[in-house]
$ cat model-v1.txt   # compact mmCIF, C-alpha atoms
# COMPACT_ATOMS: atom_id res chain seq x y z
CA ASP E 67 -136.86 60.65 77.15
CA PHE E 68 -135.31 63.57 75.26
CA ARG E 69 -138.22 64.34 72.91
CA GLY E 70 -139.14 67.99 73.02
CA ARG E 71 -136.06 68.89 75.06
CA LYS E 72 -132.82 67.87 73.34
CA MET E 73 -131.38 66.53 70.13
CA VAL E 74 -129.63 63.18 70.37
CA LEU E 75 -126.48 62.06 68.63
CA LEU E 76 -126.93 58.29 68.78
CA VAL E 77 -123.57 56.58 68.37
CA LEU E 78 -123.56 52.89 67.43
CA TYR E 79 -120.00 51.77 68.00
CA ASP E 80 -117.74 48.74 67.89
CA LEU E 81 -114.34 48.51 69.54
CA PRO E 82 -111.50 48.87 68.81
CA GLY E 83 -112.42 50.52 65.48
CA SER E 84 -114.57 53.26 67.04
CA ARG E 85 -112.17 54.24 69.80
CA ALA E 86 -110.68 57.28 68.00
CA ARG E 87 -114.12 58.65 67.17
CA LEU E 88 -115.35 58.15 70.75
CA VAL E 89 -112.29 60.04 72.01
CA GLU E 90 -113.11 62.90 69.63
CA LEU E 91 -116.74 62.98 70.80
CA ALA E 92 -115.62 62.93 74.45
CA LYS E 93 -113.48 66.01 73.81
CA ARG E 94 -116.36 67.82 72.06
CA TYR E 95 -119.13 66.72 74.42
CA GLY E 96 -119.21 70.01 76.34
CA ALA E 97 -119.72 72.06 73.18
CA LEU E 98 -122.39 69.69 71.87
CA SER E 99 -124.17 69.73 75.21
CA VAL E 100 -124.29 73.54 75.24
CA GLN E 101 -125.91 73.39 71.79
CA GLY E 102 -128.68 71.13 73.10
CA VAL E 103 -127.31 67.76 71.99
CA GLU E 104 -127.10 64.67 74.17
CA VAL E 105 -124.62 62.06 72.95
CA VAL E 106 -125.73 58.49 73.67
CA ALA E 107 -123.27 55.69 72.88
CA ILE E 108 -124.44 52.14 72.28
CA ALA E 109 -122.01 49.25 71.91
CA SER E 110 -122.82 46.59 69.35
CA TRP E 111 -122.56 44.00 72.12
CA ALA E 112 -124.27 43.85 75.51
CA SER E 113 -121.85 44.34 78.37
CA VAL E 114 -122.10 45.63 81.90
CA ASP E 115 -118.45 46.63 81.42
CA ALA E 116 -119.14 48.77 78.33
CA ILE E 117 -117.89 51.91 80.07
CA ALA E 118 -114.70 50.25 81.33
CA ASP E 119 -114.12 48.81 77.84
CA LEU E 120 -113.81 52.37 76.49
CA GLY E 121 -110.59 52.96 78.38
CA GLN E 122 -109.45 55.74 80.62
CA GLY E 123 -108.63 58.72 78.48
CA PRO E 124 -110.25 61.05 77.93
CA PRO E 125 -113.08 60.31 80.34
CA VAL E 126 -116.42 59.72 78.64
CA GLN E 127 -119.00 62.06 80.15
CA PHE E 128 -121.90 61.11 77.89
CA PRO E 129 -124.27 58.21 78.57
CA VAL E 130 -123.13 54.75 77.48
CA VAL E 131 -125.87 52.14 77.27
CA THR E 132 -125.02 48.99 79.23
CA ALA E 133 -128.34 47.12 79.01
CA GLY E 134 -130.81 46.65 76.17
CA ASN E 135 -128.12 47.04 73.52
CA GLU E 136 -129.42 44.26 71.28
CA GLU E 137 -132.92 45.74 70.99
CA ILE E 138 -131.63 49.25 70.35
CA THR E 139 -128.98 48.26 67.83
CA THR E 140 -131.40 45.96 66.00
CA ALA E 141 -133.83 48.85 65.56
CA TYR E 142 -131.32 51.49 64.48
CA ARG E 143 -129.18 49.16 62.33
CA LEU E 144 -132.15 49.10 59.94
CA PHE E 145 -131.01 52.60 58.93
CA VAL E 146 -127.31 51.71 58.71
CA PRO E 147 -126.93 48.04 57.79
CA GLY E 148 -123.38 46.78 57.69
CA ALA E 149 -121.74 49.83 59.25
CA ALA E 150 -119.35 49.02 62.10
CA HIS E 151 -119.71 52.58 63.42
CA ALA E 152 -122.65 54.86 62.72
CA GLU E 153 -123.98 58.11 64.11
CA LEU E 154 -127.57 59.30 63.82
CA LEU E 155 -128.55 62.86 64.66
CA ILE E 156 -132.12 62.86 65.97
CA ASP E 157 -133.94 66.18 66.30
CA ARG E 158 -136.05 67.29 69.26
CA SER E 159 -139.17 65.85 67.63
CA GLY E 160 -137.62 62.40 67.34
CA TYR E 161 -136.84 62.43 63.60
CA ILE E 162 -133.50 61.24 62.22
CA ARG E 163 -132.04 64.26 60.45
CA ALA E 164 -128.50 63.11 59.60
CA ILE E 165 -126.71 59.78 59.33
CA TRP E 166 -122.97 59.19 59.16
CA ARG E 167 -121.55 55.73 58.50
CA SER E 168 -117.98 54.52 58.80
CA ASP E 169 -118.28 52.28 55.75
CA ARG E 170 -119.65 54.83 53.27
CA SER E 171 -119.39 58.52 53.99
CA GLY E 172 -116.91 58.21 56.82
CA MET E 173 -117.17 60.15 60.02
CA PRO E 174 -117.47 63.90 59.72
CA ASP E 175 -115.18 66.17 61.62
CA ALA E 176 -116.62 67.70 64.76
CA ASP E 177 -117.16 71.04 63.00
CA ALA E 178 -119.46 69.39 60.43
CA VAL E 179 -121.56 67.83 63.19
CA GLN E 180 -121.78 71.16 65.00
CA ALA E 181 -122.78 72.90 61.75
CA GLN E 182 -125.63 70.42 61.31
CA VAL E 183 -126.71 71.02 64.92
CA GLU E 184 -126.64 74.79 64.36
CA ARG E 185 -128.88 74.38 61.30
CA LEU E 186 -131.37 72.37 63.35
CA ASN E 187 -131.24 74.92 66.18
CA ALA E 188 -132.02 77.68 63.67
CA GLU E 189 -135.19 75.94 62.45
CA LYS E 190 -138.49 77.06 63.85
CA SER E 191 -140.01 74.63 66.29
CA PRO E 192 -143.07 72.85 64.93
CA PRO E 193 -146.31 73.35 66.81
CA PRO E 194 -147.06 70.80 69.52
CA LEU E 195 -148.90 67.67 68.51
CA PRO E 196 -152.63 67.63 69.26
CA ASP E 197 -153.77 65.80 72.37
CA GLU E 198 -155.93 63.49 70.24
CA HIS E 199 -154.95 61.84 66.99
CA ILE E 200 -157.77 62.38 64.48
CA HIS E 201 -157.98 61.42 60.80
$ encode --input "model-v1.txt" --output "structure tokens"
Amino acid sequence: DFRGRKMVLLVLYDLPGSRARLVELAKRYGALSVQGVEVVAIASWASVDAIADLGQGPPVQFPVVTAGNEEITTAYRLFVPGAAHAELLIDRSGYIRAIWRSDRSGMPDADAVQAQVERLNAEKSPPPLPDEHIH
């Protein structure tokens, strides 16, 4: 849905361990949004109460997936096996450009994420894909 328009910071989270990071992202969401990034949070479990499970403060303004979690997490966990919390920065073309994992590199501070976004924003946009795929 975001291809060609926005970058996506895909956040695979597990509570309660991810709560502090989600609070940090909620505080920085406005700045990320201005830079062309949509934050999408996906719980490791399927729950219609996923938003309520996050708690009340600060309010989470970014999308939180409440259905289809298993399919999404199964696909993206191939890139981050074993990590309780992981973040994948996906560029406007749909390519994963950065991965942060709680179990290895740890979570970067918000400035490091914004620096990576600024680097991607500074890159020239690739030409559009051809209408037909020809080999």
$ atom_distance --input "model-v1.txt" --atom1 "CA of Asp175 (chain E)" --atom2 "CA of Gln127 (chain E)"
19.4 Å
$ closest_residue --input "model-v1.txt" --among "E:Val77, E:Ala92, E:Leu186, E:Ala86" --to "His151 (chain E)" --atoms "all atoms listed in the file"
E:Val77
$ closest_residue --input "model-v1.txt" --among "E:Thr132, E:Thr140, E:Ser84, E:Ser159" --to "Arg69 (chain E)" --atoms "only C-alpha atoms"
E:Ser159
$ closest_residue --input "model-v1.txt" --among "E:Lys72, E:Arg87, E:Arg163, E:Arg94" --to "Gln180 (chain E)" --atoms "all atoms listed in the file"
E:Arg94
$ residues_around --input "model-v1.txt" --residues "Ile162 (chain E)" --least-positions-apart "3" --cutoff "10 Å" --atoms "all atoms listed in the file" --output "PyMOL selection string"
chain E and resi 73-76+145+154-159+165
$ closest_residue --input "model-v1.txt" --among "E:Ser99, E:Arg170, E:Tyr161, E:Tyr79" --to "Val130 (chain E)" --atoms "only C-alpha atoms"
E:Tyr79
$ closest_residue --input "model-v1.txt" --among "E:Glu184, E:Glu90, E:Glu104, E:Glu137" --to "Phe68 (chain E)" --atoms "only C-alpha atoms"
E:Glu104
$ residues_around --input "model-v1.txt" --residues "Ala181 (chain E)" --least-positions-apart "5" --cutoff "12 Å" --atoms "all atoms listed in the file" --output "VMD selection string"
chain E and resid 97 to 98 101 155 164 174 to 176 186 to 188
$ atom_distance --input "model-v1.txt" --atom1 "CA of Asp119 (chain E)" --atom2 "CA of Val183 (chain E)"
28.6 Å
